[in-house]
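Report on the following structure.
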Protein chains: 2
Amino acid sequence: MIEPNEIEKTTAAIANKYRLSILLELAKKGSITGTGAQEITGLSQPCVSHHVKLLVDSGLVVSQKTGRCQKLSLNKEVFDKLAGFLKKLSE
Amino acid sequence: MIEPNEIEKTTAAIANKYRLSILLELAKKGSITGTGAQEITGLSQPCVSHHVKLLVDSGLVVSQKTGRCQKLSLNKEVFDKLAGFLKKLSE
DNA sequence: GAAATGCATTTAAACTTTTCGATATATCAG
DNA sequence: CTGATATATCGAAAAGTTTAAATGCATTTC
């Protein structure tokens with residue numbers, strides 16, 4: 001089950017063109033770094049850091065830090081839960 | 001297929017507690033009126049009108065006007081498309 | 001036709017999000 | 001140790017969203 005609060009957070013996290021482009025790249029590549037996200041979006045580093053934080057806080061994205069690099073990847077369980085909720089609404 | 005732009009619009013439309021409560025009520029009841037949406041949310045009439053407009057503009061909700069009443073209902077195809085997109089991301 | 005009802009629009013205030021420059025911290029390379 | 005790289009945080013400006021009061025406009029009811 002998914003809580004209204006989690007639905008709000010995850011949909012809000014998706015609802016931005018730069019964050020969406022990061023998510024699409026993650027789906028395509030499996031994982032990227034923060035610097036990779038910067039290259040994709042063309043935004044400043046602090047701005048990307050902020051967007052990545054929103055994605056991670058929403059639960060949609062997982063960040064594993066090794067050394068100074070972060071490895072970002074999708075939390076597929078959360079996508080599944082959200083997709084399931086939306087599918088159920090349309091039945 | 002669903003365009004990034006449509007993903008942004010629909011997820012943004014969902015990402016609000018009042019709009020989400022309207023969507024949940026629509027899923028439960030099949031349809032409600034603008035006045036019904038007002039009762040559910042407890043918001044002012046212009047504010048609800050604005051939220052309903054966002055939902056309709058996003059394509060998630062359909063409004064059929066008969067006389068002075070509007071009948072709101074879910075556009076299940078759009079929910080399906082969005083759910084399908086999210087499901088695909090998590091594969 | 002007058003009053004009431006349902007919804008839309010305008011306007012303006014309050015609030016939130018987005019953005020970037022500056023700065024901080026930690027790690028890695030030489 | 002020094003300089004470079006990756007990321008985080010702070011602060012402030014700009015842009016966008018949310019809200020309600022006031023008003024407008026059809027449509028229904030009496």
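Convention: chains lettered A, B, ... in structure tokens order; per-chain residue numbering from 1; ligands numbered from 1 as shown.
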
**Message:** Which residues are near DA14 in chain D? Cut-off 12 Å, only C-alpha atoms (C1' of nucleotides), ignore same chain within fewer than 5 positions. Put them as a PyMOL selection string.
**Reply:** chain C and resi 17-20

List every residue of chain A that DSSP, applied to the backbone of this structure, assigns to helix (DSSP H, G or I), and report them as a PDB file with N, CA and C atoms, in the first residue's frame.
```
ATOM      1  N   PRO A   4      -1.228   8.506   0.951  1.00  0.00           N
ATOM      2  CA  PRO A   4      -1.420   9.765   0.223  1.00  0.00           C
ATOM      3  C   PRO A   4      -0.188  10.657   0.289  1.00  0.00           C
ATOM      4  N   ASN A   5       0.415  10.702   1.469  1.00  0.00           N
ATOM      5  CA  ASN A   5       1.599  11.535   1.642  1.00  0.00           C
ATOM      6  C   ASN A   5       2.755  11.117   0.729  1.00  0.00           C
ATOM      7  N   GLU A   6       2.920   9.811   0.577  1.00  0.00           N
ATOM      8  CA  GLU A   6       3.990   9.301  -0.279  1.00  0.00           C
ATOM      9  C   GLU A   6       3.663   9.558  -1.755  1.00  0.00           C
ATOM     10  N   ILE A   7       2.394   9.479  -2.083  1.00  0.00           N
ATOM     11  CA  ILE A   7       1.965   9.771  -3.457  1.00  0.00           C
ATOM     12  C   ILE A   7       2.292  11.215  -3.797  1.00  0.00           C
ATOM     13  N   GLU A   8       1.968  12.104  -2.865  1.00  0.00           N
ATOM     14  CA  GLU A   8       2.255  13.518  -3.062  1.00  0.00           C
ATOM     15  C   GLU A   8       3.744  13.759  -3.271  1.00  0.00           C
ATOM     16  N   LYS A   9       4.548  13.181  -2.403  1.00  0.00           N
ATOM     17  CA  LYS A   9       6.006  13.394  -2.459  1.00  0.00           C
ATOM     18  C   LYS A   9       6.618  12.864  -3.747  1.00  0.00           C
ATOM     19  N   THR A  10       6.202  11.655  -4.122  1.00  0.00           N
ATOM     20  CA  THR A  10       6.807  11.050  -5.307  1.00  0.00           C
ATOM     21  C   THR A  10       6.353  11.765  -6.582  1.00  0.00           C
ATOM     22  N   THR A  11       5.073  12.075  -6.677  1.00  0.00           N
ATOM     23  CA  THR A  11       4.603  12.765  -7.887  1.00  0.00           C
ATOM     24  C   THR A  11       5.226  14.154  -7.982  1.00  0.00           C
ATOM     25  N   ALA A  12       5.358  14.827  -6.836  1.00  0.00           N
ATOM     26  CA  ALA A  12       5.992  16.152  -6.844  1.00  0.00           C
ATOM     27  C   ALA A  12       7.445  16.039  -7.301  1.00  0.00           C
ATOM     28  N   ALA A  13       8.098  14.965  -6.891  1.00  0.00           N
ATOM     29  CA  ALA A  13       9.505  14.778  -7.277  1.00  0.00           C
ATOM     30  C   ALA A  13       9.639  14.551  -8.773  1.00  0.00           C
ATOM     31  N   ILE A  14       8.674  13.865  -9.355  1.00  0.00           N
ATOM     32  CA  ILE A  14       8.720  13.590 -10.797  1.00  0.00           C
ATOM     33  C   ILE A  14       8.377  14.840 -11.611  1.00  0.00           C
ATOM     34  N   LYS A  17      11.004  19.111 -15.139  1.00  0.00           N
ATOM     35  CA  LYS A  17      11.656  18.607 -16.349  1.00  0.00           C
ATOM     36  C   LYS A  17      13.082  18.128 -16.117  1.00  0.00           C
ATOM     37  N   TYR A  18      13.801  18.785 -15.223  1.00  0.00           N
ATOM     38  CA  TYR A  18      15.181  18.368 -14.971  1.00  0.00           C
ATOM     39  C   TYR A  18      15.217  17.065 -14.172  1.00  0.00           C
ATOM     40  N   ARG A  19      14.348  16.972 -13.162  1.00  0.00           N
ATOM     41  CA  ARG A  19      14.325  15.739 -12.374  1.00  0.00           C
ATOM     42  C   ARG A  19      13.841  14.576 -13.226  1.00  0.00           C
ATOM     43  N   LEU A  20      12.885  14.853 -14.097  1.00  0.00           N
ATOM     44  CA  LEU A  20      12.402  13.802 -14.992  1.00  0.00           C
ATOM     45  C   LEU A  20      13.517  13.322 -15.917  1.00  0.00           C
ATOM     46  N   SER A  21      14.326  14.264 -16.420  1.00  0.00           N
ATOM     47  CA  SER A  21      15.420  13.869 -17.313  1.00  0.00           C
ATOM     48  C   SER A  21      16.453  13.028 -16.566  1.00  0.00           C
ATOM     49  N   ILE A  22      16.662  13.317 -15.291  1.00  0.00           N
ATOM     50  CA  ILE A  22      17.567  12.498 -14.476  1.00  0.00           C
ATOM     51  C   ILE A  22      16.987  11.092 -14.317  1.00  0.00           C
ATOM     52  N   LEU A  23      15.694  11.018 -14.043  1.00  0.00           N
ATOM     53  CA  LEU A  23      15.039   9.713 -13.875  1.00  0.00           C
ATOM     54  C   LEU A  23      15.117   8.893 -15.157  1.00  0.00           C
ATOM     55  N   LEU A  24      14.883   9.545 -16.291  1.00  0.00           N
ATOM     56  CA  LEU A  24      14.928   8.836 -17.575  1.00  0.00           C
ATOM     57  C   LEU A  24      16.330   8.315 -17.859  1.00  0.00           C
ATOM     58  N   GLU A  25      17.330   9.122 -17.535  1.00  0.00           N
ATOM     59  CA  GLU A  25      18.720   8.706 -17.731  1.00  0.00           C
ATOM     60  C   GLU A  25      19.059   7.530 -16.813  1.00  0.00           C
ATOM     61  N   LEU A  26      18.555   7.579 -15.598  1.00  0.00           N
ATOM     62  CA  LEU A  26      18.777   6.470 -14.658  1.00  0.00           C
ATOM     63  C   LEU A  26      18.134   5.185 -15.169  1.00  0.00           C
ATOM     64  N   ALA A  27      16.938   5.333 -15.753  1.00  0.00           N
ATOM     65  CA  ALA A  27      16.251   4.159 -16.293  1.00  0.00           C
ATOM     66  C   ALA A  27      17.049   3.560 -17.450  1.00  0.00           C
ATOM     67  N   LYS A  28      17.660   4.443 -18.232  1.00  0.00           N
ATOM     68  CA  LYS A  28      18.401   4.026 -19.410  1.00  0.00           C
ATOM     69  C   LYS A  28      19.738   3.390 -19.038  1.00  0.00           C
ATOM     70  N   LYS A  29      20.438   4.066 -18.127  1.00  0.00           N
ATOM     71  CA  LYS A  29      21.816   3.673 -17.840  1.00  0.00           C
ATOM     72  C   LYS A  29      21.975   2.794 -16.600  1.00  0.00           C
ATOM     73  N   GLY A  34      26.424  12.294  -9.558  1.00  0.00           N
ATOM     74  CA  GLY A  34      25.937  13.667  -9.452  1.00  0.00           C
ATOM     75  C   GLY A  34      26.457  14.511 -10.603  1.00  0.00           C
ATOM     76  N   THR A  35      27.722  14.331 -10.916  1.00  0.00           N
ATOM     77  CA  THR A  35      28.333  15.056 -12.032  1.00  0.00           C
ATOM     78  C   THR A  35      27.639  14.695 -13.341  1.00  0.00           C
ATOM     79  N   GLY A  36      27.279  13.432 -13.483  1.00  0.00           N
ATOM     80  CA  GLY A  36      26.531  12.995 -14.659  1.00  0.00           C
ATOM     81  C   GLY A  36      25.202  13.718 -14.752  1.00  0.00           C
ATOM     82  N   ALA A  37      24.539  13.860 -13.624  1.00  0.00           N
ATOM     83  CA  ALA A  37      23.254  14.567 -13.574  1.00  0.00           C
ATOM     84  C   ALA A  37      23.433  16.022 -13.977  1.00  0.00           C
ATOM     85  N   GLN A  38      24.576  16.587 -13.577  1.00  0.00           N
ATOM     86  CA  GLN A  38      24.892  17.964 -13.941  1.00  0.00           C
ATOM     87  C   GLN A  38      25.028  18.108 -15.449  1.00  0.00           C
ATOM     88  N   GLU A  39      25.714  17.161 -16.062  1.00  0.00           N
ATOM     89  CA  GLU A  39      25.929  17.198 -17.507  1.00  0.00           C
ATOM     90  C   GLU A  39      24.606  17.076 -18.262  1.00  0.00           C
ATOM     91  N   ILE A  40      23.757  16.196 -17.790  1.00  0.00           N
ATOM     92  CA  ILE A  40      22.460  15.976 -18.438  1.00  0.00           C
ATOM     93  C   ILE A  40      21.592  17.228 -18.399  1.00  0.00           C
ATOM     94  N   THR A  41      21.547  17.851 -17.214  1.00  0.00           N
ATOM     95  CA  THR A  41      20.608  18.959 -17.016  1.00  0.00           C
ATOM     96  C   THR A  41      21.176  20.299 -17.469  1.00  0.00           C
ATOM     97  N   GLN A  45      25.900  23.202 -10.150  1.00  0.00           N
ATOM     98  CA  GLN A  45      26.101  22.088  -9.236  1.00  0.00           C
ATOM     99  C   GLN A  45      25.188  22.168  -8.008  1.00  0.00           C
ATOM    100  N   PRO A  46      25.074  23.318  -7.344  1.00  0.00           N
ATOM    101  CA  PRO A  46      24.186  23.374  -6.176  1.00  0.00           C
ATOM    102  C   PRO A  46      22.734  23.075  -6.535  1.00  0.00           C
ATOM    103  N   CYS A  47      22.348  23.508  -7.705  1.00  0.00           N
ATOM    104  CA  CYS A  47      20.969  23.302  -8.141  1.00  0.00           C
ATOM    105  C   CYS A  47      20.701  21.814  -8.380  1.00  0.00           C
ATOM    106  N   VAL A  48      21.630  21.156  -9.033  1.00  0.00           N
ATOM    107  CA  VAL A  48      21.488  19.718  -9.262  1.00  0.00           C
ATOM    108  C   VAL A  48      21.477  18.974  -7.931  1.00  0.00           C
ATOM    109  N   SER A  49      22.352  19.393  -7.028  1.00  0.00           N
ATOM    110  CA  SER A  49      22.431  18.777  -5.706  1.00  0.00           C
ATOM    111  C   SER A  49      21.069  18.857  -5.018  1.00  0.00           C
ATOM    112  N   HIS A  50      20.415  19.987  -5.179  1.00  0.00           N
ATOM    113  CA  HIS A  50      19.083  20.184  -4.606  1.00  0.00           C
ATOM    114  C   HIS A  50      18.050  19.259  -5.243  1.00  0.00           C
ATOM    115  N   HIS A  51      18.077  19.160  -6.574  1.00  0.00           N
ATOM    116  CA  HIS A  51      17.127  18.290  -7.271  1.00  0.00           C
ATOM    117  C   HIS A  51      17.351  16.827  -6.893  1.00  0.00           C
ATOM    118  N   VAL A  52      18.619  16.442  -6.823  1.00  0.00           N
ATOM    119  CA  VAL A  52      18.937  15.059  -6.451  1.00  0.00           C
ATOM    120  C   VAL A  52      18.437  14.783  -5.030  1.00  0.00           C
ATOM    121  N   LYS A  53      18.602  15.741  -4.168  1.00  0.00           N
ATOM    122  CA  LYS A  53      18.115  15.589  -2.786  1.00  0.00           C
ATOM    123  C   LYS A  53      16.605  15.343  -2.754  1.00  0.00           C
ATOM    124  N   LEU A  54      15.864  16.101  -3.562  1.00  0.00           N
ATOM    125  CA  LEU A  54      14.413  15.905  -3.628  1.00  0.00           C
ATOM    126  C   LEU A  54      14.078  14.494  -4.094  1.00  0.00           C
ATOM    127  N   LEU A  55      14.810  14.029  -5.113  1.00  0.00           N
ATOM    128  CA  LEU A  55      14.566  12.681  -5.645  1.00  0.00           C
ATOM    129  C   LEU A  55      14.870  11.624  -4.589  1.00  0.00           C
ATOM    130  N   VAL A  56      15.974  11.809  -3.886  1.00  0.00           N
ATOM    131  CA  VAL A  56      16.359  10.847  -2.856  1.00  0.00           C
ATOM    132  C   VAL A  56      15.355  10.902  -1.687  1.00  0.00           C
ATOM    133  N   ASP A  57      15.016  12.120  -1.260  1.00  0.00           N
ATOM    134  CA  ASP A  57      14.067  12.270  -0.148  1.00  0.00           C
ATOM    135  C   ASP A  57      12.705  11.661  -0.478  1.00  0.00           C
ATOM    136  N   SER A  58      12.335  11.709  -1.745  1.00  0.00           N
ATOM    137  CA  SER A  58      11.037  11.147  -2.144  1.00  0.00           C
ATOM    138  C   SER A  58      11.052   9.626  -2.102  1.00  0.00           C
ATOM    139  N   LYS A  76      13.237   0.874  -7.607  1.00  0.00           N
ATOM    140  CA  LYS A  76      12.158   0.363  -8.456  1.00  0.00           C
ATOM    141  C   LYS A  76      10.907  -0.015  -7.677  1.00  0.00           C
ATOM    142  N   GLU A  77      11.101  -0.392  -6.436  1.00  0.00           N
ATOM    143  CA  GLU A  77       9.958  -0.740  -5.595  1.00  0.00           C
ATOM    144  C   GLU A  77       8.988   0.447  -5.457  1.00  0.00           C
ATOM    145  N   VAL A  78       9.570   1.635  -5.285  1.00  0.00           N
ATOM    146  CA  VAL A  78       8.738   2.828  -5.114  1.00  0.00           C
ATOM    147  C   VAL A  78       8.006   3.161  -6.415  1.00  0.00           C
ATOM    148  N   PHE A  79       8.689   3.007  -7.543  1.00  0.00           N
ATOM    149  CA  PHE A  79       8.038   3.223  -8.836  1.00  0.00           C
ATOM    150  C   PHE A  79       6.890   2.246  -9.025  1.00  0.00           C
ATOM    151  N   ASP A  80       7.152   1.025  -8.654  1.00  0.00           N
ATOM    152  CA  ASP A  80       6.128  -0.014  -8.753  1.00  0.00           C
ATOM    153  C   ASP A  80       4.905   0.310  -7.912  1.00  0.00           C
ATOM    154  N   LYS A  81       5.149   0.750  -6.701  1.00  0.00           N
ATOM    155  CA  LYS A  81       4.048   1.088  -5.794  1.00  0.00           C
ATOM    156  C   LYS A  81       3.202   2.221  -6.358  1.00  0.00           C
ATOM    157  N   LEU A  82       3.886   3.243  -6.879  1.00  0.00           N
ATOM    158  CA  LEU A  82       3.168   4.387  -7.445  1.00  0.00           C
ATOM    159  C   LEU A  82       2.400   3.976  -8.694  1.00  0.00           C
ATOM    160  N   ALA A  83       3.053   3.190  -9.543  1.00  0.00           N
ATOM    161  CA  ALA A  83       2.388   2.711 -10.758  1.00  0.00           C
ATOM    162  C   ALA A  83       1.165   1.874 -10.391  1.00  0.00           C
ATOM    163  N   GLY A  84       1.306   1.038  -9.377  1.00  0.00           N
ATOM    164  CA  GLY A  84       0.188   0.199  -8.927  1.00  0.00           C
ATOM    165  C   GLY A  84      -0.973   1.034  -8.434  1.00  0.00           C
ATOM    166  N   PHE A  85      -0.658   2.069  -7.685  1.00  0.00           N
ATOM    167  CA  PHE A  85      -1.702   2.968  -7.190  1.00  0.00           C
ATOM    168  C   PHE A  85      -2.471   3.614  -8.340  1.00  0.00           C
ATOM    169  N   LEU A  86      -1.743   4.128  -9.315  1.00  0.00           N
ATOM    170  CA  LEU A  86      -2.375   4.817 -10.447  1.00  0.00           C
ATOM    171  C   LEU A  86      -3.202   3.848 -11.279  1.00  0.00           C
ATOM    172  N   LYS A  87      -2.661   2.649 -11.445  1.00  0.00           N
ATOM    173  CA  LYS A  87      -3.370   1.619 -12.210  1.00  0.00           C
ATOM    174  C   LYS A  87      -4.698   1.296 -11.514  1.00  0.00           C
ATOM    175  N   LYS A  88      -4.638   1.217 -10.224  1.00  0.00           N
ATOM    176  CA  LYS A  88      -5.826   0.858  -9.437  1.00  0.00           C
ATOM    177  C   LYS A  88      -6.894   1.957  -9.522  1.00  0.00           C
ATOM    178  N   LEU A  89      -6.436   3.198  -9.573  1.00  0.00           N
ATOM    179  CA  LEU A  89      -7.382   4.315  -9.700  1.00  0.00           C
ATOM    180  C   LEU A  89      -8.174   4.201 -10.999  1.00  0.00           C
TER     181      LEU A  89
END
```

**Request:** Considering only C-alpha atoms (C1' of nucleotides), return as a list in words whatever protein or nucleic-acid residues lie within 10 Å of range 2-11 of chain D, sequence-local ones (same chain, fewer than 6 positions apart) excluded.
**Result:** Thr33, Gly34, Thr35, Gln45, Pro46, Ser49, His50, Lys65, Gly67, Arg68, Cys69 and Gln70 of chain A; DG21, DA22, DT23, DA24, DT25, DA26, DT27, DC28, DA29 and DG30 of chain C

Near chain B, meaning an atom within 8 Å, which residues of chain D appear when counting only C-alpha atoms (C1' of nucleotides)? Write them as a tab-separated table (two decimals) with all heavy atoms, in the first residue's frame.
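Saved result, selection.tsv, follows:
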```tsv
chain	number	residue	atom	x	y	z
D	19	DT	P	-4.32	25.59	-1.36
D	19	DT	OP1	-4.22	24.88	-0.07
D	19	DT	OP2	-4.99	24.97	-2.50
D	19	DT	O5'	-4.98	26.99	-1.09
D	19	DT	C5'	-4.62	27.73	0.08
D	19	DT	C4'	-5.18	29.12	-0.01
D	19	DT	O4'	-4.63	29.77	-1.17
D	19	DT	C3'	-6.68	29.19	-0.26
D	19	DT	O3'	-7.35	29.19	0.98
D	19	DT	C2'	-6.85	30.52	-0.98
D	19	DT	C1'	-5.45	30.90	-1.42
D	19	DT	N1	-5.32	31.22	-2.85
D	19	DT	C2	-5.08	32.53	-3.20
D	19	DT	O2	-5.00	33.43	-2.39
D	19	DT	N3	-4.97	32.76	-4.54
D	19	DT	C4	-5.07	31.82	-5.55
D	19	DT	O4	-4.95	32.14	-6.73
D	19	DT	C5	-5.33	30.46	-5.11
D	19	DT	C7	-5.47	29.37	-6.12
D	19	DT	C6	-5.43	30.23	-3.79
D	20	DA	P	-8.97	29.11	1.08
D	20	DA	OP1	-9.33	28.67	2.44
D	20	DA	OP2	-9.50	28.40	-0.08
D	20	DA	O5'	-9.35	30.65	0.95
D	20	DA	C5'	-8.72	31.59	1.84
D	20	DA	C4'	-9.20	32.98	1.49
D	20	DA	O4'	-8.65	33.37	0.22
D	20	DA	C3'	-10.72	33.07	1.33
D	20	DA	O3'	-11.15	34.30	1.90
D	20	DA	C2'	-10.93	33.05	-0.16
D	20	DA	C1'	-9.68	33.74	-0.66
D	20	DA	N9	-9.30	33.34	-2.01
D	20	DA	C8	-9.34	32.08	-2.55
D	20	DA	N7	-8.94	32.03	-3.79
D	20	DA	C5	-8.61	33.34	-4.10
D	20	DA	C6	-8.12	33.96	-5.27
D	20	DA	N6	-7.88	33.27	-6.40
D	20	DA	N1	-7.90	35.28	-5.23
D	20	DA	C2	-8.16	35.95	-4.10
D	20	DA	N3	-8.61	35.48	-2.94
D	20	DA	C4	-8.82	34.15	-3.01
D	26	DA	P	-23.30	35.21	-20.03
D	26	DA	OP1	-22.37	35.59	-21.09
D	26	DA	OP2	-24.51	36.04	-19.74
D	26	DA	O5'	-23.80	33.72	-20.34
D	26	DA	C5'	-24.95	33.33	-19.66
D	26	DA	C4'	-24.76	31.94	-19.10
D	26	DA	O4'	-24.40	32.05	-17.70
D	26	DA	C3'	-26.06	31.18	-19.18
D	26	DA	O3'	-25.81	29.84	-19.56
D	26	DA	C2'	-26.65	31.29	-17.78
D	26	DA	C1'	-25.43	31.51	-16.89
D	26	DA	N9	-25.71	32.45	-15.80
D	26	DA	C8	-25.80	33.83	-15.87
D	26	DA	N7	-26.03	34.40	-14.71
D	26	DA	C5	-26.11	33.32	-13.82
D	26	DA	C6	-26.35	33.26	-12.43
D	26	DA	N6	-26.56	34.33	-11.67
D	26	DA	N1	-26.36	32.03	-11.86
D	26	DA	C2	-26.15	30.95	-12.63
D	26	DA	N3	-25.91	30.89	-13.94
D	26	DA	C4	-25.91	32.13	-14.48
D	27	DT	P	-27.01	28.95	-20.07
D	27	DT	OP1	-26.42	27.78	-20.77
D	27	DT	OP2	-27.95	29.87	-20.73
D	27	DT	O5'	-27.72	28.40	-18.74
D	27	DT	C5'	-27.01	27.50	-17.90
D	27	DT	C4'	-27.82	27.24	-16.66
D	27	DT	O4'	-27.87	28.42	-15.84
D	27	DT	C3'	-29.28	26.86	-16.93
D	27	DT	O3'	-29.57	25.75	-16.10
D	27	DT	C2'	-30.06	28.08	-16.48
D	27	DT	C1'	-29.17	28.56	-15.34
D	27	DT	N1	-29.32	29.98	-14.89
D	27	DT	C2	-29.49	30.20	-13.55
D	27	DT	O2	-29.56	29.31	-12.72
D	27	DT	N3	-29.60	31.53	-13.20
D	27	DT	C4	-29.55	32.62	-14.05
D	27	DT	O4	-29.65	33.75	-13.61
D	27	DT	C5	-29.37	32.30	-15.44
D	27	DT	C7	-29.32	33.41	-16.44
D	27	DT	C6	-29.27	31.01	-15.80
```

**Message:** Residues of chain B classed as strand (DSSP E) by DSSP on the backbone are to be reported as a ChimeraX atom specification.
**Reply:** /B:31-32,61-66,69-74

**Asked** Please, what distance in Å, to one decimal, runs between C1' of DT17 in chain D and CA of Ala15 in chain A?
**Response** 13.3 Å

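The coordinates place CA of Ser73 in chain B at 12.6 Å from CA of Glu91 in chain A.
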
**Distance of CA of Leu74 in chain A from CA of Met1 in chain B, expressed in Å to one decimal place** = 21.0 Å

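Among the candidates A:Ile2, A:Ser90, A:Gly59, A:Gly42, the one nearest to chain B when counting only C-alpha atoms is A:Ser90.
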